[in-house]
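Engineer: My questions will all concern the structure given below.
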Amino acid sequence: MASSAVPIKSGTIVTIERHILEQQRYHPEATGVLTSLLYDLALAGKMIASQMSKAGLAQILGKTGDVNIQGEQVMKLDKLADETITNLNDHTGRLAVMASEEHEDIIHIPDKYPVGKYVLLFDPLDGSSNIDYNTGVGTIFAIYQRVSAENTRGTMEDCLQPGRKLVAAGYIVYGASTMFVYSTGEGVHGFTLDPSIGEFLLSHEDIRIPANPTYYSVNQGYFTRWSTGVQKYTQHLQELTSETSAISMRYVGSMAVDFHRTLLAGGIFYYPADTSKPEGKLRLAYEAIPLAFIAEQAGGYGSNGNRNILDIKPENIHQRTPLYIGSRELVTLVESYIKKYD
Ligand code: AHM
Ligand code: MG
C-alpha cells in the first residue's frame, strides 16, 4: 500500500492541505479541483466542529423552529451541518450535483453558479440522535466524477454510482477531538484538528485495519429479530472470548464513530437486516459505500452479507442496506454463516 508521496519523518508536522497536495502527485493528470474539494470538506468539518461546541446548549434546549433563551431561532445541528456543507460547495464550480441524507431529492447547483465535474454525496451528521447525550457523531462523504455531459446540470444518474467508481471518500468524527479521515485510493490517512491553530494535522498515516479483532460492534438489543445466520455468528464471536483473551463489544450508535474505532482497533461493525427492517437501516450511498471504500483501502472489507458493498449500484438515492464492515476475516466469516444458515 502506498504511503504519502514524500516520506514523513517523525516529528514532521504535516497539515491536511499539504498532504492532499502531495497525494495529487500520484495523479499527474490532476487539475487540482479534487484537492480543493477535499480541502473545502475539511473546512466544513472545522466549521461543524465549531458550531457543535457553541450550539450544544441550544441543541439541548430547543428543536428546529423553536426560539432559544436569547430569542434566536434554533437550528438542529444536523440541519446546520447540512447547510454548512451545501453552502460551502454550491458555488465553487467544482461540483455538478450533490445529494444529502437530509434531502429527499438531489441538490442542484443554483443556475447562477458554474457547474463542475465532481459529484458529492454526504451524510451531514451521522448518529445525530446521540447529540442530546453529548456523544460522538460524524460526517460521511463520497466523491465521484460525473457521468452526465459536462457543463450541464448534474443528474440522478451521477449520484447512483457503485463504490467502484469512487474518486475519494472519507469521514469526520466529532468526539473528544475532531478527526478527518480520507482516501483517494492511495491508502487511508487520518488528521486530528488542533483547535488552538484551527488546522488538521496528520496523526494517523497509512492506516491499516488490524487483522486481530479487538471489538465487535452491533446493536445486540435486536438479537431476536435477526436471521439464524446472524444470531449464530454473534454467538460465535462471544465464544471467541476465553479466560486469556477477549473480543469485547462496543456500540455507540453513531456509525461513523463505531466504524472509526473498528478501523483503528480491528474487529467488525454490523447492522443486519431484521424482522422490523428487512432492508437494514443504513444508507447504501451515504454511509455504506464510502465507509466500505475506506475499509478496503485499509485492508479490510465491507459486505451486505452476500457481496461486496462496492460492487452494488444503488437503485435509489436513499436505498438502505444491511452492512458488515471491518477486518476482512471477520466479514468473510459472517458471509459464510449467512450462506450456510439463511
Ligand atoms: P442516522 O443517519 O439517522 O443518524 O441513522 C444512522 C445511525 C448510525 O449512525 C447508527 O449505526 C445507527 O443509526 C444506530 O441505529 P440503532 O439506534 O437502531 O442502533
Ligand atoms: Mg447516518
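Ligands are numbered from 1 in the order shown, chains are lettered A, B, ... in the order of the C-alpha cells, and residues start at 1 in each chain.
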Show which residues sit within 10 Å of range 296-306 of chain A, as a PyMOL selection string. Count only C-alpha atoms, and ignore same-chain residues fewer than 6 positions away.
Structural biologist: chain A and resi 1+182-189+206-211+229-230+263-264+266-273+280+284+288-290+312+321-339
Engineer: When the cut-off is 10 Å and you count only C-alpha atoms and all ligand atoms, which residues lie near ligand 2, shown as a list in words?
Structural biologist: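 For ligand 2, the residues inside 10 Å are Glu101, Glu102, Phe122, Asp123, Pro124, Leu125, Asp126, Gly127, Ser128, Ser129, Val137, Gly138, Thr139, Ile140, Gly253, Ser254, Met255, Ala256, Lys281, Leu282, Arg283, Tyr286, Glu287 and Ala288 of chain A.
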Engineer: Using only C-alpha atoms, which of A:Thr192, A:Ala142, A:Pro28, A:Leu240 sits nearest Leu291 in chain A?
Structural biologist: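 Selected residue with least distance to Leu291 in chain A: A:Ala142.
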Engineer: Residues of range 44-158 of chain A in strand (DSSP E or B) according to DSSP, as a compact mmCIF listing (two decimals) with C-alpha atoms, in the first residue's frame?
Structural biologist:
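Produced file selection-v1.txt, reproduced below:
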# COMPACT_ATOMS: atom_id res chain seq x y z
CA VAL A 67 -36.71 30.05 19.85
CA GLN A 73 -34.21 30.76 16.11
CA LEU A 95 -19.48 20.14 -8.42
CA ALA A 96 -22.11 19.01 -10.91
CA VAL A 97 -24.62 18.00 -8.24
CA MET A 98 -24.86 16.98 -4.58
CA ALA A 99 -27.03 14.60 -2.58
CA SER A 100 -27.50 14.57 1.18
CA ILE A 107 -29.31 19.09 -4.66
CA HIS A 108 -28.79 21.02 -7.87
CA TYR A 118 -17.46 16.12 -9.43
CA VAL A 119 -20.43 14.72 -7.53
CA LEU A 120 -20.64 14.95 -3.73
CA LEU A 121 -22.81 12.67 -1.59
CA PHE A 122 -22.90 13.13 2.17
CA ASP A 123 -24.49 12.24 5.47
CA PRO A 124 -24.04 15.60 7.23
CA LEU A 125 -24.36 14.43 10.82
CA ASP A 126 -24.46 10.69 11.19
CA VAL A 137 -21.19 11.95 15.86
CA GLY A 138 -19.73 12.19 12.35
CA THR A 139 -19.96 13.42 8.77
CA ILE A 140 -19.52 10.87 5.95
CA PHE A 141 -18.79 11.81 2.32
CA ALA A 142 -18.32 10.22 -1.11
CA ILE A 143 -16.97 11.87 -4.27
CA TYR A 144 -17.48 10.63 -7.85
CA GLN A 145 -16.81 12.05 -11.30
Engineer: Give me every helix (DSSP H, G or I) residue in range 133-260 of chain A, going by DSSP on the backbone, as a PyMOL selection string.
Structural biologist: chain A and resi 133+156-159+163-165+220-225+228-239+255-260
Engineer: Write to file, as a CSV table (one decimal), in the first residue's frame, the residues of the selection just made, with C-alpha atoms.
Structural biologist:
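So part-v9.csv came out as:
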chain,number,residue,atom,x,y,z
A,133,TYR,CA,-26.4,12.9,25.1
A,156,MET,CA,-29.7,11.5,-10.5
A,157,GLU,CA,-27.6,9.1,-12.6
A,158,ASP,CA,-24.5,11.0,-11.4
A,159,CYS,CA,-25.5,10.2,-7.8
A,163,GLY,CA,-18.5,2.3,-5.0
A,164,ARG,CA,-16.0,1.0,-7.6
A,165,LYS,CA,-16.3,4.4,-9.3
A,220,GLN,CA,-27.4,-6.6,20.3
A,221,GLY,CA,-30.8,-5.4,21.6
A,222,TYR,CA,-32.2,-6.5,18.2
A,223,PHE,CA,-30.8,-10.1,18.6
A,224,THR,CA,-34.3,-11.8,18.5
A,225,ARG,CA,-35.1,-10.0,15.2
A,228,THR,CA,-30.4,-17.6,12.3
A,229,GLY,CA,-27.1,-16.9,10.5
A,230,VAL,CA,-26.5,-13.6,12.1
A,231,GLN,CA,-27.5,-14.9,15.5
A,232,LYS,CA,-25.1,-17.9,15.2
A,233,TYR,CA,-22.3,-15.6,14.0
A,234,THR,CA,-22.8,-13.3,17.0
A,235,GLN,CA,-22.7,-16.3,19.4
A,236,HIS,CA,-19.5,-17.4,17.7
A,237,LEU,CA,-18.0,-14.0,18.4
A,238,GLN,CA,-18.9,-14.3,22.0
A,239,GLU,CA,-17.3,-17.8,22.2
A,255,MET,CA,-21.8,4.6,12.7
A,256,ALA,CA,-19.0,7.0,11.9
A,257,VAL,CA,-17.7,6.7,15.4
A,258,ASP,CA,-18.3,2.9,15.7
A,259,PHE,CA,-16.5,2.4,12.3
A,260,HIS,CA,-13.6,4.7,13.3
Engineer: Would you pick out the contacts of Lys112 in chain A at 12 Å or less, using only C-alpha atoms, so that residues sharing its chain but fewer than 6 positions from it are not included, and give the list as a list of chain:residue names?
Structural biologist: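 The residues that qualify are A:Asp90, A:His91, A:Thr92, A:Gly93, A:Arg153.
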Engineer: Nearest to Val33 in chain A among A:Met47, A:Glu83, A:Arg94, A:Gly11, with distances taken over only C-alpha atoms: which residue is it?
Structural biologist: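 That would be A:Arg94, the residue with the smallest distance to Val33 in chain A.
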Engineer: Find, counting only C-alpha atoms and all ligand atoms, the residue in A:His204, A:Lys79, A:Lys46, A:Arg146 that gets nearest to ligand 1.
Structural biologist: A:Lys79
Engineer: Rank A:Ser177, A:Thr152, A:Ser276, A:Thr86 by their smallest atom-to-atom distance to ligand 1, using only C-alpha atoms and all ligand atoms, and report the top residue only.
Structural biologist: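 So, comparing all the options, the nearest one is A:Ser276.
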Engineer: Which residue gives the smallest distance to ligand 1 among A:Leu77, A:Leu88, A:Ala169, A:Ile247, with only C-alpha atoms and all ligand atoms counted?
Structural biologist: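 Between A:Leu77, A:Leu88, A:Ala169, A:Ile247, the residue approaching ligand 1 most closely is A:Leu77.
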